[in-house]
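This is start-v1.cif (mmCIF, C-alpha atoms and all ligand atoms).
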data_model
#
loop_
_atom_site.label_atom_id
_atom_site.label_comp_id
_atom_site.auth_asym_id
_atom_site.auth_seq_id
_atom_site.Cartn_x
_atom_site.Cartn_y
_atom_site.Cartn_z
CA MET A 4 13.29 -3.89 -26.48
CA LYS A 5 13.45 -1.94 -23.24
CA LEU A 6 16.74 -0.63 -21.85
CA GLU A 7 17.14 -0.29 -18.10
CA THR A 8 20.30 1.37 -16.84
CA PHE A 9 21.80 1.36 -13.37
CA GLY A 10 24.86 2.95 -11.83
CA ARG A 11 27.97 0.79 -11.81
CA ASN A 12 27.45 -0.18 -8.16
CA GLU A 13 23.68 -0.40 -8.30
CA TRP A 14 23.53 -2.81 -11.24
CA ALA A 15 24.24 -6.14 -9.50
CA PRO A 16 21.89 -5.58 -6.54
CA ALA A 17 19.15 -4.51 -8.97
CA VAL A 18 19.50 -7.63 -11.12
CA GLY A 19 19.77 -9.85 -8.04
CA ALA A 20 16.59 -8.40 -6.55
CA ARG A 21 14.78 -8.76 -9.88
CA LEU A 22 15.72 -12.43 -10.00
CA VAL A 23 14.61 -13.01 -6.41
CA ALA A 24 11.23 -11.52 -7.37
CA PHE A 25 11.06 -13.63 -10.56
CA LEU A 26 11.52 -16.87 -8.61
CA PRO A 27 8.93 -16.78 -5.84
CA ASP A 28 8.65 -19.74 -3.46
CA GLY A 29 6.43 -22.51 -4.70
CA ARG A 30 6.30 -21.40 -8.33
CA HIS A 31 7.84 -23.81 -10.85
CA ARG A 32 10.08 -21.81 -13.19
CA ARG A 33 12.31 -22.85 -16.09
CA VAL A 34 15.24 -20.50 -16.51
CA CYS A 35 18.31 -20.52 -18.70
CA PHE A 36 21.43 -19.02 -17.09
CA ALA A 37 24.42 -17.52 -18.88
CA THR A 38 27.85 -17.83 -17.29
CA GLY A 39 30.93 -15.62 -17.73
CA SER A 40 32.09 -12.48 -15.98
CA THR A 41 29.00 -10.33 -16.48
CA PRO A 42 26.37 -12.22 -14.45
CA GLU A 43 28.64 -13.25 -11.56
CA PRO A 44 28.02 -10.21 -9.30
CA ALA A 45 24.30 -10.36 -10.07
CA TYR A 46 24.13 -14.05 -9.09
CA ALA A 47 26.06 -13.26 -5.89
CA ALA A 48 23.55 -10.50 -5.10
CA PHE A 49 20.69 -12.92 -5.79
CA ALA A 50 22.07 -15.42 -3.30
CA ALA A 51 22.94 -12.75 -0.74
CA GLY A 52 19.40 -11.41 -1.06
CA GLY A 53 17.87 -14.73 -0.02
CA GLY A 54 17.42 -16.12 -3.53
CA ALA A 55 16.81 -19.85 -3.82
CA LEU A 56 16.39 -22.24 -6.74
CA ASP A 57 14.28 -24.94 -5.05
CA ASP A 58 11.43 -24.48 -7.50
CA THR A 59 13.57 -23.64 -10.53
CA GLU A 60 14.66 -25.86 -13.38
CA VAL A 61 18.07 -24.50 -14.31
CA PHE A 62 19.27 -24.77 -17.91
CA LEU A 63 22.87 -23.99 -18.73
CA LEU A 64 23.04 -21.72 -21.80
CA ASP A 65 26.17 -23.12 -23.40
CA GLU A 66 29.29 -25.18 -22.83
CA PHE A 67 32.84 -25.38 -24.12
CA LEU A 68 34.11 -28.67 -25.49
CA LEU A 69 36.52 -29.10 -22.63
CA PRO A 70 37.06 -32.13 -20.37
CA ARG A 71 34.76 -32.58 -17.37
CA GLY A 72 36.07 -30.62 -14.39
CA ASP A 73 38.01 -28.05 -16.42
CA PRO A 74 37.71 -24.77 -14.47
CA GLY A 75 36.89 -22.86 -17.66
CA ARG A 76 33.79 -24.93 -18.36
CA CYS A 77 30.44 -23.22 -18.08
CA ASP A 78 29.01 -25.86 -15.72
CA GLU A 79 31.94 -25.21 -13.37
CA MET A 80 31.36 -21.44 -13.57
CA LEU A 81 27.64 -21.90 -12.91
CA ALA A 82 28.45 -24.01 -9.85
CA ARG A 83 30.96 -21.46 -8.50
CA SER A 84 28.99 -18.32 -9.28
CA LEU A 85 25.44 -19.44 -8.48
CA LEU A 86 24.64 -22.99 -7.38
CA GLU A 87 27.15 -23.21 -4.53
CA LEU A 88 25.94 -19.86 -3.16
CA CYS A 89 22.33 -21.03 -2.86
CA PRO A 90 21.08 -22.81 0.26
CA SER A 91 19.87 -25.92 -1.60
CA PRO A 92 20.15 -27.44 -5.08
CA PRO A 93 17.85 -26.41 -7.92
CA LEU A 94 14.71 -28.40 -8.66
CA ALA A 95 16.54 -29.74 -11.73
CA LEU A 96 19.81 -28.95 -13.47
CA HIS A 97 20.15 -29.33 -17.23
CA THR A 98 23.71 -29.34 -18.56
CA PHE A 99 25.44 -30.62 -21.69
CA ASP A 100 27.34 -33.91 -21.87
CA VAL A 101 30.08 -32.78 -24.25
CA SER A 102 31.64 -36.25 -24.21
CA ALA A 103 28.50 -37.84 -25.70
CA GLU A 104 28.76 -39.41 -29.14
CA PRO A 105 27.50 -38.36 -31.51
CA LEU A 106 27.25 -34.80 -30.20
CA ASP A 107 24.39 -34.04 -32.57
CA ASP A 108 22.23 -36.49 -30.59
CA GLU A 109 23.18 -34.70 -27.38
CA CYS A 110 22.10 -31.40 -28.94
CA ARG A 111 18.75 -32.91 -29.93
CA ARG A 112 18.30 -34.34 -26.41
CA TYR A 113 18.88 -30.88 -24.89
CA GLU A 114 16.53 -29.24 -27.35
CA ARG A 115 13.80 -31.76 -26.42
CA GLU A 116 14.28 -30.91 -22.73
CA LEU A 117 13.96 -27.22 -23.58
CA ASP A 118 10.86 -27.74 -25.66
CA ALA A 119 9.18 -29.86 -22.96
CA GLY A 120 7.89 -26.72 -21.25
CA GLY A 121 9.95 -23.95 -22.84
CA LEU A 122 11.76 -21.24 -20.89
CA ASP A 123 10.10 -18.71 -18.62
CA LEU A 124 13.25 -16.61 -18.67
CA ALA A 125 16.57 -16.55 -20.53
CA ILE A 126 19.37 -14.67 -18.79
CA LEU A 127 22.02 -13.78 -21.36
CA GLY A 128 25.36 -12.01 -21.57
CA LEU A 129 26.57 -10.09 -24.61
CA GLY A 130 29.71 -11.15 -26.43
CA ALA A 131 32.15 -8.49 -27.60
CA ASN A 132 31.31 -9.76 -31.11
CA GLY A 133 27.54 -9.55 -30.60
CA HIS A 134 26.99 -13.21 -29.82
CA ILE A 135 24.50 -14.56 -27.29
CA GLY A 136 25.33 -17.92 -25.83
CA MET A 137 27.77 -19.22 -28.42
CA ASN A 138 25.58 -18.12 -31.30
CA GLU A 139 28.41 -16.42 -33.10
CA PRO A 140 28.04 -13.82 -35.88
CA GLY A 141 26.36 -15.52 -38.83
CA SER A 142 23.76 -17.24 -36.63
CA ALA A 143 20.24 -16.90 -38.01
CA ALA A 144 17.18 -16.44 -35.79
CA ASP A 145 16.05 -20.05 -36.23
CA THR A 146 19.29 -21.90 -35.44
CA PRO A 147 18.87 -25.04 -33.29
CA THR A 148 20.89 -26.14 -30.29
CA ARG A 149 24.10 -27.28 -31.90
CA VAL A 150 27.88 -27.68 -31.93
CA VAL A 151 29.60 -24.47 -33.05
CA ASP A 152 33.09 -23.35 -34.06
CA LEU A 153 34.12 -20.59 -31.68
CA HIS A 154 35.11 -17.10 -32.73
CA PRO A 155 38.64 -16.11 -31.54
CA THR A 156 37.21 -13.68 -28.95
CA THR A 157 35.08 -16.49 -27.49
CA GLN A 158 38.14 -18.74 -27.29
CA GLN A 159 39.92 -15.94 -25.44
CA ASN A 160 36.99 -15.76 -23.03
CA ALA A 161 37.55 -19.41 -22.11
CA ALA A 162 41.17 -18.64 -21.25
CA ARG A 163 40.00 -15.68 -19.15
CA TYR A 164 37.62 -18.01 -17.29
CA GLY A 165 40.50 -20.37 -16.42
CA ALA A 166 40.36 -23.01 -19.19
CA THR A 167 43.44 -25.22 -19.15
CA SER A 168 43.55 -25.28 -22.98
CA PRO A 169 41.78 -23.10 -25.53
CA PRO A 170 38.59 -24.78 -26.83
CA SER A 171 37.85 -24.41 -30.54
CA ARG A 172 34.25 -25.60 -30.29
CA GLY A 173 31.26 -25.42 -28.01
CA ILE A 174 27.59 -26.36 -27.69
CA THR A 175 24.99 -23.64 -27.40
CA ILE A 176 21.27 -23.34 -27.02
CA GLY A 177 20.30 -22.07 -30.46
CA MET A 178 18.72 -18.76 -31.33
CA ARG A 179 15.33 -20.40 -31.89
CA ALA A 180 14.97 -21.65 -28.31
CA VAL A 181 16.44 -18.44 -26.84
CA LEU A 182 13.99 -16.30 -28.79
CA ALA A 183 11.13 -18.63 -27.77
CA ALA A 184 11.67 -17.75 -24.07
CA ALA A 185 8.75 -15.88 -22.52
CA GLU A 186 11.11 -13.24 -21.15
CA ILE A 187 14.73 -12.37 -21.89
CA TRP A 188 17.21 -10.32 -19.86
CA LEU A 189 20.37 -9.28 -21.70
CA LEU A 190 22.93 -8.33 -19.05
CA VAL A 191 25.62 -5.88 -20.20
CA THR A 192 28.26 -4.15 -18.09
CA GLY A 193 31.43 -2.18 -18.65
CA GLU A 194 32.64 0.40 -21.10
CA HIS A 195 34.27 -2.33 -23.21
CA LYS A 196 30.74 -3.46 -24.16
CA ALA A 197 29.49 0.04 -25.07
CA ALA A 198 30.26 -0.11 -28.81
CA ILE A 199 28.66 -3.52 -29.35
CA LEU A 200 25.65 -2.63 -27.18
CA ASN A 201 25.13 0.46 -29.32
CA GLN A 202 25.12 -1.77 -32.43
CA VAL A 203 22.66 -4.17 -30.78
CA LEU A 204 20.30 -1.31 -29.97
CA THR A 205 20.59 0.83 -33.09
CA GLY A 206 22.23 -1.18 -35.89
CA PRO A 207 20.59 -3.45 -38.45
CA ILE A 208 18.75 -6.51 -37.11
CA GLY A 209 20.37 -9.62 -38.53
CA PRO A 210 22.81 -12.50 -38.14
CA ASP A 211 25.92 -10.26 -38.21
CA VAL A 212 25.01 -9.24 -34.65
CA PRO A 213 22.92 -12.12 -33.30
CA ALA A 214 21.90 -10.17 -30.16
CA SER A 215 20.11 -7.68 -32.45
CA PHE A 216 17.35 -10.30 -32.96
CA LEU A 217 16.26 -9.59 -29.38
CA ARG A 218 14.76 -6.33 -30.68
CA ASP A 219 12.07 -8.43 -32.40
CA HIS A 220 11.18 -10.18 -29.11
CA PRO A 221 8.06 -8.92 -27.31
CA ASN A 222 9.50 -9.16 -23.82
CA ALA A 223 13.27 -8.63 -23.93
CA ILE A 224 15.05 -6.15 -21.66
CA VAL A 225 18.63 -4.96 -21.74
CA ILE A 226 19.79 -4.44 -18.16
CA ALA A 227 22.99 -2.44 -18.41
CA ASP A 228 25.26 -0.42 -16.20
CA GLU A 229 25.96 3.19 -17.12
CA PRO A 230 29.47 2.62 -18.54
CA ALA A 231 28.02 0.13 -21.07
CA THR A 232 25.47 2.64 -22.34
CA ILE A 233 27.77 5.53 -23.26
CA PRO A 234 28.57 4.99 -26.96
CA ARG A 235 32.25 5.43 -27.80
P1 LIG B 1 31.54 -11.95 -20.37
O1 LIG B 1 31.15 -12.80 -21.65
O2 LIG B 1 30.31 -11.86 -19.53
O3 LIG B 1 32.62 -12.75 -19.71
O4 LIG B 1 31.99 -10.60 -20.87
C1 LIG B 1 29.95 -12.57 -22.30
C2 LIG B 1 29.90 -13.39 -23.55
O5 LIG B 1 30.88 -13.44 -24.30
O6 LIG B 1 28.86 -13.98 -23.82
#
What is this structure when it is put down as structure tokens?
Ligand code: PGA
Amino acid sequence: MKLETFGRNEWAPAVGARLVAFLPDGRHRRVCFATGSTPEPAYAAFAAGGGALDDTEVFLLDEFLLPRGDPGRCDEMLARSLLELCPSPPLALHTFDVSAEPLDDECRRYERELDAGGLDLAILGLGANGHIGMNEPGSAADTPTRVVDLHPTTQQNAARYGATSPPSRGITIGMRAVLAAAEIWLLVTGEHKAAILNQVLTGPIGPDVPASFLRDHPNAIVIADEPATIPR
């Protein structure tokens, strides 16, 4: 797995420009987008740099089990941080219906949509506990898209994102479909991510740190800012 490092202020423009280049006009792409604090400045740079999603099928990476419209939901964050900044809607938008019953059927529906063409790119953030999406510690490399119980730090994230009540569960694209993406970008910023990034890069590969499985992927890149790469 390659590591590319940028200065604190250079990181977002670099990721934004890389995404503009990855999504050329007229080329059908299928891309999974993480939400959360990390990618927001990169998505803003993408839009400011003329990025557009007209030819892109957008897949949301994960979702909290929160009522529709809750500001802490991932679909709301994706709208605020990316979709509303682009000049026109994406070619298609795949999100989770967390009110569907049974939820297991909804997970299977999403997995079928993923598998009908796969992902050209998965854009991921890194959880403070080593998760990707909501694949919490303990997630094996072959886990399907599924309902998960959230780790306390992930529940705290939802509060940080503006959730009106703390969610205890979520739905996430599983490790299997993430690792099946043709290309993966793991976005990591800030000194508070330095210790876990060091584990991802140098620790054992296994379910205790799900992001460590990216090291077995042929085309995964960590795109980090300098503060995230100084082990503490
Ligand atoms: P953050 O969350 O980008 O808000 O730090 C990342 C994650 O927990 O996946």
Checklist entry - Residues within 10 Å of ligand LIG 1 (chain B) (all atoms listed in the file), as a PyMOL selection string? => result chain A and resi 37-43+64-65+127-139+156-161+163-164+189-193+195-196
Item to check | Point (23.6, -29.8, -21.3), cut-off 7 Å, counting all atoms listed in the file, residues as a list in words | outcome: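 Using all atoms listed in the file, the matching residues come out as Leu63, His97, Thr98, Phe99, Asp100 and Tyr113 of chain A.
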Would you save the residues of that selection, restricted to C-alpha atoms, as a CSV table (one decimal), in the frame of the given file?
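And here's out.csv as it stands now:
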chain,number,residue,atom,x,y,z
A,63,LEU,CA,22.9,-24.0,-18.7
A,97,HIS,CA,20.2,-29.3,-17.2
A,98,THR,CA,23.7,-29.3,-18.6
A,99,PHE,CA,25.4,-30.6,-21.7
A,100,ASP,CA,27.3,-33.9,-21.9
A,113,TYR,CA,18.9,-30.9,-24.9
Item to check | Contact residues around Leu6 (chain A) with only C-alpha atoms at 12 Å, ignoring same-chain residues under 5 positions, as a list in words | outcome: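 What passes the distance filter is Ile187, Trp188, Leu189, Leu190, Val191, Leu200, Asn201, Val203, Leu204, Thr205, Leu217, Arg218, Asn222, Ala223, Ile224, Val225, Ile226, Ala227, Asp228, Glu229, Ala231 and Thr232 of chain A.
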Item to check | Selection: 10 Å around Ala143 (chain A), all atoms listed in the file, excl. self and same-chain fewer than 6 positions, as a ChimeraX atom specification | outcome: /A:177-179,209-213,216
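The spacing separating CA of Arg149 (chain A) from CA of Met80 (chain A) amounts to 20.6 Å.
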Checklist entry - Distance CA of Ser215 (chain A)-CA of Ala198 (chain A), one decimal place? => result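 Separation of CA of Ser215 (chain A) and CA of Ala198 (chain A): 13.2 Å.
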Checklist entry - Counting only C-alpha atoms, which of A:Asp73, A:Glu13, A:Asp123, A:Asp28 gets nearest to Pro44 (chain A)? => result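 Among the listed residues, A:Glu13 lies closest to Pro44 (chain A).
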Item to check | Residues near Ala48 (chain A), cut-off 7 Å, all atoms listed in the file, skip fewer than 2 positions along chain, as an MDAnalysis selection string | outcome: chainID A and resid 15:16 19 44:46 50:52
Item to check | Close residues, Arg112 (chain A) itself excluded, 12 Å, only C-alpha atoms, min 2 positions apart in chain, as a PyMOL selection string | outcome: chain A and resi 97-100+103-110+114-119+147-149+176
Checklist entry - How many Å separate CA of Ala55 (chain A) from CA of Ile126 (chain A)? => result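 Between CA of Ala55 (chain A) and CA of Ile126 (chain A) the gap works out to 16.0 Å.
Proximity to Ile199 (chain A) was assessed for A:Leu26, A:Ala162, A:Ala214, A:Leu56 counting only C-alpha atoms; the smallest distance is recorded for A:Ala214.
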Item to check | Residue among A:Gly173, A:Pro221, A:Pro234, A:Pro207 lying closest to Leu68 (chain A), counting only C-alpha atoms | outcome: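 The shortest atom-to-atom distance to Leu68 (chain A) comes from A:Gly173.
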Next on the checklist: Neighbouring residues of Leu96 (chain A) were defined as those with any atom within 8 Å, considering all atoms listed in the file; residues of the same chain fewer than 2 positions away were excluded. Please report them as a PyMOL selection string.
Outcome noted: chain A and resi 60-63+93-94+98
Item to check | Residue nearest Leu81 (chain A) - candidates A:Phe67, A:Val150, A:Phe36, A:Ala125, atoms counted: all atoms listed in the file | outcome: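 Of the candidates, the smallest distance to Leu81 (chain A) is held by A:Phe36.
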Next on the checklist: Counting all atoms listed in the file, which residue out of A:Cys35, A:Ala17, A:Ala47, A:Val101 sits closest to Leu69 (chain A)?
Outcome noted: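 The shortest atom-to-atom distance to Leu69 (chain A) comes from A:Val101.
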Checklist entry - In terms of the shortest atom-to-atom distance over only C-alpha atoms, which of A:Ala82, A:Ile208, A:Leu124, A:Ala166 is closest to Gly141 (chain A)? => result A:Ile208
